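Novice: My questions will all concern the structure given below.
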Amino acid sequence: MSHSNLKEAFYAEGKLPDCPVYDLHAHMGPYYGIGFPRPDADGMIHAMDRAGVRLLVFCHHGTLFTPDIGNWANIAAVQRYPARLRAYCGINPNYPEVIAYDIAHFDEHPDVFVGLKMLADYHGFALTDQRYRAAWELADRRKLLVLIHTWGGSRLDGPEVVREIAERYPQASILMGHSCHGEWDKAIALVREFPNLYFELCAVLDERGMLERFVGEMGSRRILFGTDLPWFNHHYYIGSVLGADITDEDRHDILHRNAEALLSRFGV
Amino acid sequence: MQLDLFDVNLYIGRPTRELYAPVSTIDELLVQLDRQRISRALVWHVAQRDASPVTGNAMLSAAIAGQDRLWGCWTILPPQTGEVIRGDHDFFGDMRANRIVALRAFPELHRYLLNCVVFGRWMDQIVERRIPLLLSMEHGVTWPAVYGLLEAYPALTCILCDVGIWGVDRYTWPLLENYPSVHLETSLVALEDGGMEATVARYGAKRLVFGTGFPERYPESAILQLLHAEISDDDKQKIASGNLQDLLARVVL
């Protein structure tokens, strides 16, 4: 493994002005399965400051799990921290009327939303289900980012489902959250075949060796950094990127350059 | 700041199932430790888990012989079967002779119950000798088993390793509250955002011991998190090596 100036600098400083971090997979708020020490917007901004995270794109747990809260939680947080936060508009296929409302009002929040978030394994409908159709069409038409939870072996958001979606909506930039965790070969094949698909590293980086495979097979330009904040610690995942046997140029791509390129179309 | 790191949670050997770049020899491990600036380590051999404690314990002993930066953990089995703990052997003398200062157990995987029916008076000796028992929550130990064991042996020196990908404060904090000799290894405590700071604020830095989870996890993850954790430098150094040093200094063999 070659010497890394970035590793030494992060060890010394904890954050680097010439290597800002963009976290493209985050949440916010409490969640039933885990007690978070600091899940609110203030706590998350504090966490970002400590690791030099310039921008975080999230979808609030309240949006994803409580239709009675909906996307207002996202809008309120971004309006409070407009320089540091952007949101994915959460899409819950169990409530088509909420989806219809959110799509109809999407353009009212150009400074809030950069795309959509879908969590099929938790919501119980495959990404290809008709209930998502209007949302996918919006994403395709407007070239939005779509962060999808993906997991190996899932019939709702596993590699076969992702393939269908990537084919059907080529203009949407689809971020494979967790990179089809466990079905790594299929994830690599998908990214190789579809230019609108990206690896996303949340829950990938706690397993040593997978990032080396992604970079080895596909280079570092299609890989995006994410932490599920408030779940996972930025320094922990940055440390994984620093520990992987890849170059500092690859690390710059993953930690900020690729995200900067994707987000530039939204004026971020 | 520069931390003196003493890794409580890493293994050597190639696991049965393929893993990215494991280290199968001590020389390879020492190269890895030097690269990470880890001064000392408490090591186990993955054959203890995957093949047999009998095989793996012997492989570990041979591997760490004469290595003054390394100490070892043997893996135990029920005393009744006489595979690891034998009535005709001085188990603790053998530990001392082989640089073994702690024990591990994989009850689910090795198919026995980790409780007082099985370990009875023998575990009382582990408690009295203050030998740390390391339990990996990712490798064959359940939370009810840990709770049951500590109820039976409340003074047991226990280090819970690999505590889980999702934050587990709801499981670990009641144990820290009720059992002063329970400690947490940090390789996955470090993963939970704010988890280390919250644990230190509530229970003190003395309850955490630094570990990397190598070769399954990147050591840089736990190191970078600890370097920049929002706790005092003194607390960082306790976690990095001081606490484990203190625990091992208390062991009677």
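Labels used: A, B, ... for chains in the order of the structure tokens, numbers from 1 for residues in each chain, and numbers from 1 for ligands as shown.
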Which residues are close to Arg250 of chain B, i.e. within 9 Å by only C-alpha atoms, leaving aside same-chain residues fewer than 6 positions away? Reply as a PDB file with N, CA, C and O atoms, in the first residue's frame.
Specialist:
ATOM      1  N   ARG B 129      -9.341 -14.745  38.960  1.00  0.00           N
ATOM      2  CA  ARG B 129      -8.038 -14.438  38.354  1.00  0.00           C
ATOM      3  C   ARG B 129      -8.111 -13.198  37.447  1.00  0.00           C
ATOM      4  O   ARG B 129      -7.128 -12.802  36.851  1.00  0.00           O
ATOM      5  N   ARG B 130      -9.278 -12.631  37.334  1.00  0.00           N
ATOM      6  CA  ARG B 130      -9.517 -11.413  36.547  1.00  0.00           C
ATOM      7  C   ARG B 130      -9.039 -11.564  35.106  1.00  0.00           C
ATOM      8  O   ARG B 130      -8.470 -10.641  34.505  1.00  0.00           O
ATOM      9  N   ILE B 131      -9.261 -12.758  34.554  1.00  0.00           N
ATOM     10  CA  ILE B 131      -8.892 -13.015  33.153  1.00  0.00           C
ATOM     11  C   ILE B 131     -10.010 -12.475  32.261  1.00  0.00           C
ATOM     12  O   ILE B 131     -11.170 -12.898  32.404  1.00  0.00           O
TER      13      ILE B 131
END
Novice: Per residue of chain A within 6 Å of chain B, note the shortest atom pair and the distance in Å to one decimal, counting only C-alpha atoms, and order the rows by chain and increasing residue number, as JSON lines.
Specialist:
{"residue": "A:Tyr11", "atom": "CA", "partner": "B:Leu224", "partner_atom": "CA", "distance": 5.9}
{"residue": "A:Ile34", "atom": "CA", "partner": "B:Gly167", "partner_atom": "CA", "distance": 6.0}
{"residue": "A:Pro37", "atom": "CA", "partner": "B:Gly194", "partner_atom": "CA", "distance": 5.7}
{"residue": "A:Asp206", "atom": "CA", "partner": "B:Arg217", "partner_atom": "CA", "distance": 5.8}
{"residue": "A:Glu207", "atom": "CA", "partner": "B:Arg217", "partner_atom": "CA", "distance": 5.5}
{"residue": "A:Arg208", "atom": "CA", "partner": "B:Arg217", "partner_atom": "CA", "distance": 4.9}
{"residue": "A:Gly209", "atom": "CA", "partner": "B:Tyr20", "partner_atom": "CA", "distance": 5.2}
{"residue": "A:Trp231", "atom": "CA", "partner": "B:Asp193", "partner_atom": "CA", "distance": 5.8}
{"residue": "A:Phe232", "atom": "CA", "partner": "B:Glu192", "partner_atom": "CA", "distance": 4.8}
{"residue": "A:Asn233", "atom": "CA", "partner": "B:Asp193", "partner_atom": "CA", "distance": 4.0}
{"residue": "A:His235", "atom": "CA", "partner": "B:Gln225", "partner_atom": "CA", "distance": 5.0}
{"residue": "A:Tyr236", "atom": "CA", "partner": "B:Ser221", "partner_atom": "CA", "distance": 4.2}
{"residue": "A:Gly239", "atom": "CA", "partner": "B:Ser221", "partner_atom": "CA", "distance": 4.0}
{"residue": "A:Ser240", "atom": "CA", "partner": "B:Ser221", "partner_atom": "CA", "distance": 5.1}
{"residue": "A:Gly243", "atom": "CA", "partner": "B:Glu220", "partner_atom": "CA", "distance": 5.4}
Novice: Quick one: of A:Tyr122, A:Trp72, A:Phe10, A:Tyr132, who's nearest to Ala100 of chain A, counting only C-alpha atoms?
Specialist: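 That would be A:Tyr132, the residue with the smallest distance to Ala100 of chain A.
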Novice: I'd like to know which of A:Met48, A:Ile99, A:Leu156, A:Leu6 is closest to Arg131 of chain A, using only C-alpha atoms.
Specialist: A:Ile99
Novice: Can you pull out the residues contacting Gly120 of chain B? Cut-off 12 Å, using only C-alpha atoms, and skip same-chain residues under 6 positions away; I want them as a list in words.
Specialist: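 After dropping sequence-adjacent residues, the list is Pro78, Pro79, Gln80, Leu113, Leu114, Ile126, Val127, Leu149, Ala152 and Tyr153 of chain B.
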Novice: For Val118 of chain B, which residue among B:Leu103, B:Asn98, B:Ile76, B:Val43 is the nearest when counting only C-alpha atoms?
Specialist: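 Closest to Val118 of chain B of all the choices is B:Ile76.
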Novice: Between atom CA of Ala47 of chain B and atom CA of Arg86 of chain B, what is the distance, to one decimal in Å?
Specialist: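 That distance, rounded to one decimal, is 20.1 Å.
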Novice: Got a sec to tell me which of segment 146-183 of chain A DSSP assigns to strand (DSSP E or B), as a PyMOL selection string?
Specialist: chain A and resi 146-151+173-181
Novice: Using only C-alpha atoms, which residues sit within 12 Å of Ala105 of chain B once same-chain residues fewer than 3 positions away are excluded, as a PDB file with N, CA and C atoms, in the first residue's frame?
Specialist:
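selection35.pdb was written with the following content:
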ATOM      1  N   TRP B  44      -6.016 -13.209  18.363  1.00  0.00           N
ATOM      2  CA  TRP B  44      -6.536 -14.578  18.333  1.00  0.00           C
ATOM      3  C   TRP B  44      -6.346 -15.133  16.923  1.00  0.00           C
ATOM      4  N   GLN B  48      -9.401 -20.810  15.545  1.00  0.00           N
ATOM      5  CA  GLN B  48     -10.112 -21.089  16.803  1.00  0.00           C
ATOM      6  C   GLN B  48     -11.612 -21.079  16.581  1.00  0.00           C
ATOM      7  N   ARG B  49     -12.058 -20.207  15.701  1.00  0.00           N
ATOM      8  CA  ARG B  49     -13.487 -20.099  15.399  1.00  0.00           C
ATOM      9  C   ARG B  49     -13.887 -21.086  14.303  1.00  0.00           C
ATOM     10  N   SER B  52     -11.293 -25.381  14.898  1.00  0.00           N
ATOM     11  CA  SER B  52     -11.546 -25.918  16.231  1.00  0.00           C
ATOM     12  C   SER B  52     -10.725 -25.118  17.224  1.00  0.00           C
ATOM     13  N   PRO B  53     -11.263 -24.854  18.403  1.00  0.00           N
ATOM     14  CA  PRO B  53     -10.446 -24.201  19.423  1.00  0.00           C
ATOM     15  C   PRO B  53      -9.164 -24.976  19.710  1.00  0.00           C
ATOM     16  N   ASN B  57      -6.061 -22.784  19.017  1.00  0.00           N
ATOM     17  CA  ASN B  57      -5.289 -22.360  20.190  1.00  0.00           C
ATOM     18  C   ASN B  57      -3.813 -22.724  20.016  1.00  0.00           C
ATOM     19  N   CYS B  73      -5.253 -14.730  22.958  1.00  0.00           N
ATOM     20  CA  CYS B  73      -6.504 -15.215  23.548  1.00  0.00           C
ATOM     21  C   CYS B  73      -6.694 -16.662  23.101  1.00  0.00           C
ATOM     22  N   TRP B  74      -6.911 -17.544  24.042  1.00  0.00           N
ATOM     23  CA  TRP B  74      -7.358 -18.873  23.677  1.00  0.00           C
ATOM     24  C   TRP B  74      -8.889 -18.897  23.673  1.00  0.00           C
ATOM     25  N   THR B  75      -9.424 -19.850  22.943  1.00  0.00           N
ATOM     26  CA  THR B  75     -10.881 -20.032  22.911  1.00  0.00           C
ATOM     27  C   THR B  75     -11.260 -21.230  23.768  1.00  0.00           C
ATOM     28  N   ILE B  76     -12.277 -21.049  24.591  1.00  0.00           N
ATOM     29  CA  ILE B  76     -12.687 -22.114  25.521  1.00  0.00           C
ATOM     30  C   ILE B  76     -13.856 -22.921  24.970  1.00  0.00           C
ATOM     31  N   LEU B  77     -13.993 -24.125  25.531  1.00  0.00           N
ATOM     32  CA  LEU B  77     -15.138 -25.012  25.296  1.00  0.00           C
ATOM     33  C   LEU B  77     -15.583 -25.531  26.664  1.00  0.00           C
ATOM     34  N   PRO B  78     -16.727 -26.170  26.748  1.00  0.00           N
ATOM     35  CA  PRO B  78     -17.179 -26.661  28.063  1.00  0.00           C
ATOM     36  C   PRO B  78     -16.142 -27.584  28.713  1.00  0.00           C
ATOM     37  N   VAL B  84     -10.487 -28.526  25.592  1.00  0.00           N
ATOM     38  CA  VAL B  84      -9.573 -27.401  25.844  1.00  0.00           C
ATOM     39  C   VAL B  84      -9.207 -27.345  27.329  1.00  0.00           C
ATOM     40  N   ALA B 102      -5.946 -13.772  27.952  1.00  0.00           N
ATOM     41  CA  ALA B 102      -7.397 -13.565  27.865  1.00  0.00           C
ATOM     42  C   ALA B 102      -8.008 -14.767  27.149  1.00  0.00           C
ATOM     43  N   GLU B 108     -22.593 -20.022  20.312  1.00  0.00           N
ATOM     44  CA  GLU B 108     -23.593 -20.415  19.306  1.00  0.00           C
ATOM     45  C   GLU B 108     -22.938 -21.266  18.226  1.00  0.00           C
ATOM     46  N   LEU B 109     -21.824 -20.786  17.721  1.00  0.00           N
ATOM     47  CA  LEU B 109     -21.130 -21.467  16.632  1.00  0.00           C
ATOM     48  C   LEU B 109     -20.589 -22.824  17.073  1.00  0.00           C
ATOM     49  N   HIS B 110     -20.081 -22.875  18.311  1.00  0.00           N
ATOM     50  CA  HIS B 110     -19.471 -24.111  18.797  1.00  0.00           C
ATOM     51  C   HIS B 110     -20.455 -24.996  19.556  1.00  0.00           C
ATOM     52  N   ARG B 111     -21.697 -24.576  19.580  1.00  0.00           N
ATOM     53  CA  ARG B 111     -22.818 -25.402  20.027  1.00  0.00           C
ATOM     54  C   ARG B 111     -22.725 -25.826  21.487  1.00  0.00           C
ATOM     55  N   TYR B 112     -22.758 -24.828  22.357  1.00  0.00           N
ATOM     56  CA  TYR B 112     -22.926 -25.077  23.789  1.00  0.00           C
ATOM     57  C   TYR B 112     -23.537 -23.824  24.408  1.00  0.00           C
ATOM     58  N   LEU B 113     -23.898 -23.907  25.663  1.00  0.00           N
ATOM     59  CA  LEU B 113     -24.468 -22.753  26.356  1.00  0.00           C
ATOM     60  C   LEU B 113     -23.404 -22.132  27.259  1.00  0.00           C
ATOM     61  N   LEU B 114     -23.279 -20.832  27.128  1.00  0.00           N
ATOM     62  CA  LEU B 114     -22.292 -20.105  27.930  1.00  0.00           C
ATOM     63  C   LEU B 114     -22.974 -19.682  29.230  1.00  0.00           C
ATOM     64  N   ASN B 115     -23.087 -20.639  30.181  1.00  0.00           N
ATOM     65  CA  ASN B 115     -23.786 -20.312  31.425  1.00  0.00           C
ATOM     66  C   ASN B 115     -23.175 -21.071  32.597  1.00  0.00           C
ATOM     67  N   PHE B 119     -20.279 -23.970  32.946  1.00  0.00           N
ATOM     68  CA  PHE B 119     -18.940 -23.540  33.366  1.00  0.00           C
ATOM     69  C   PHE B 119     -18.760 -23.489  34.882  1.00  0.00           C
ATOM     70  N   PRO B 132      -9.711 -11.570  31.354  1.00  0.00           N
ATOM     71  CA  PRO B 132     -10.780 -11.042  30.492  1.00  0.00           C
ATOM     72  C   PRO B 132     -11.348 -12.128  29.574  1.00  0.00           C
ATOM     73  N   LEU B 133     -12.666 -12.174  29.506  1.00  0.00           N
ATOM     74  CA  LEU B 133     -13.347 -13.020  28.524  1.00  0.00           C
ATOM     75  C   LEU B 133     -13.861 -12.109  27.427  1.00  0.00           C
ATOM     76  N   LEU B 134     -13.392 -12.352  26.203  1.00  0.00           N
ATOM     77  CA  LEU B 134     -13.793 -11.522  25.062  1.00  0.00           C
ATOM     78  C   LEU B 134     -14.921 -12.221  24.311  1.00  0.00           C
ATOM     79  N   LEU B 135     -16.014 -11.507  24.122  1.00  0.00           N
ATOM     80  CA  LEU B 135     -17.167 -12.066  23.423  1.00  0.00           C
ATOM     81  C   LEU B 135     -17.467 -11.192  22.224  1.00  0.00           C
ATOM     82  N   SER B 136     -17.420 -11.789  21.044  1.00  0.00           N
ATOM     83  CA  SER B 136     -17.706 -11.033  19.825  1.00  0.00           C
ATOM     84  C   SER B 136     -19.174 -11.160  19.471  1.00  0.00           C
ATOM     85  N   MET B 137     -19.864 -10.040  19.447  1.00  0.00           N
ATOM     86  CA  MET B 137     -21.293 -10.067  19.158  1.00  0.00           C
ATOM     87  C   MET B 137     -21.570 -10.340  17.683  1.00  0.00           C
ATOM     88  N   GLU B 138     -20.548 -10.327  16.853  1.00  0.00           N
ATOM     89  CA  GLU B 138     -20.724 -10.692  15.442  1.00  0.00           C
ATOM     90  C   GLU B 138     -20.335 -12.142  15.177  1.00  0.00           C
ATOM     91  N   HIS B 139     -19.768 -12.782  16.181  1.00  0.00           N
ATOM     92  CA  HIS B 139     -19.256 -14.136  15.951  1.00  0.00           C
ATOM     93  C   HIS B 139     -19.775 -15.093  17.015  1.00  0.00           C
ATOM     94  N   GLY B 140     -21.037 -15.415  16.933  1.00  0.00           N
ATOM     95  CA  GLY B 140     -21.531 -16.532  17.713  1.00  0.00           C
ATOM     96  C   GLY B 140     -21.850 -16.271  19.171  1.00  0.00           C
ATOM     97  N   VAL B 141     -22.248 -15.059  19.512  1.00  0.00           N
ATOM     98  CA  VAL B 141     -22.716 -14.770  20.874  1.00  0.00           C
ATOM     99  C   VAL B 141     -23.992 -13.937  20.757  1.00  0.00           C
ATOM    100  N   THR B 142     -24.977 -14.245  21.591  1.00  0.00           N
ATOM    101  CA  THR B 142     -26.221 -13.473  21.559  1.00  0.00           C
ATOM    102  C   THR B 142     -26.303 -12.576  22.791  1.00  0.00           C
ATOM    103  N   ALA B 145     -27.462 -14.376  25.921  1.00  0.00           N
ATOM    104  CA  ALA B 145     -26.393 -15.189  26.510  1.00  0.00           C
ATOM    105  C   ALA B 145     -25.471 -14.326  27.362  1.00  0.00           C
ATOM    106  N   VAL B 146     -25.159 -13.129  26.865  1.00  0.00           N
ATOM    107  CA  VAL B 146     -24.296 -12.219  27.628  1.00  0.00           C
ATOM    108  C   VAL B 146     -24.982 -11.800  28.924  1.00  0.00           C
ATOM    109  N   LEU B 149     -24.985 -14.744  31.360  1.00  0.00           N
ATOM    110  CA  LEU B 149     -23.656 -15.029  31.905  1.00  0.00           C
ATOM    111  C   LEU B 149     -23.295 -14.024  32.992  1.00  0.00           C
ATOM    112  N   CYS B 158     -15.235  -8.763  31.407  1.00  0.00           N
ATOM    113  CA  CYS B 158     -15.790  -9.142  30.108  1.00  0.00           C
ATOM    114  C   CYS B 158     -15.584  -7.992  29.128  1.00  0.00           C
ATOM    115  N   ILE B 159     -15.048  -8.301  27.966  1.00  0.00           N
ATOM    116  CA  ILE B 159     -14.887  -7.287  26.918  1.00  0.00           C
ATOM    117  C   ILE B 159     -15.789  -7.681  25.758  1.00  0.00           C
ATOM    118  N   LEU B 160     -16.784  -6.871  25.484  1.00  0.00           N
ATOM    119  CA  LEU B 160     -17.705  -7.138  24.383  1.00  0.00           C
ATOM    120  C   LEU B 160     -17.120  -6.530  23.114  1.00  0.00           C
ATOM    121  N   CYS B 161     -16.866  -7.379  22.136  1.00  0.00           N
ATOM    122  CA  CYS B 161     -16.210  -6.956  20.899  1.00  0.00           C
ATOM    123  C   CYS B 161     -17.216  -6.941  19.743  1.00  0.00           C
TER     124      CYS B 161
END
Novice: Quick one: distance from atom CA of Ile69 of chain A to atom CA of Leu263 of chain A in Å, one decimal?
Specialist: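 Computing the Euclidean distance for atom CA of Ile69 of chain A and atom CA of Leu263 of chain A yields 26.6 Å.
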Novice: Would you kindly return, as a list in words, each protein, DNA or RNA residue with an atom no farther than 12 Å from any atom of Ala120 of chain A, considering only C-alpha atoms and excluding same-chain residues fewer than 4 positions away?
Specialist: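 Selected residues are Leu64, Phe65, Gly90, Ile91, Asn92, Pro93, Asn94, Gly124, Phe125, Ala126, Leu127, Thr128, Asp129, Arg131, Tyr132, Leu147, Ile148, His149, Thr150, Trp151, Ser154, Arg155, Leu156, Asp157, Gly158, Val161, Val162 and Gly177 of chain A.
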Novice: One decimal, in Å: what's the spacing between atom CA of Ala104 of chain A and atom CA of Gly70 of chain A?
Specialist: 14.3 Å
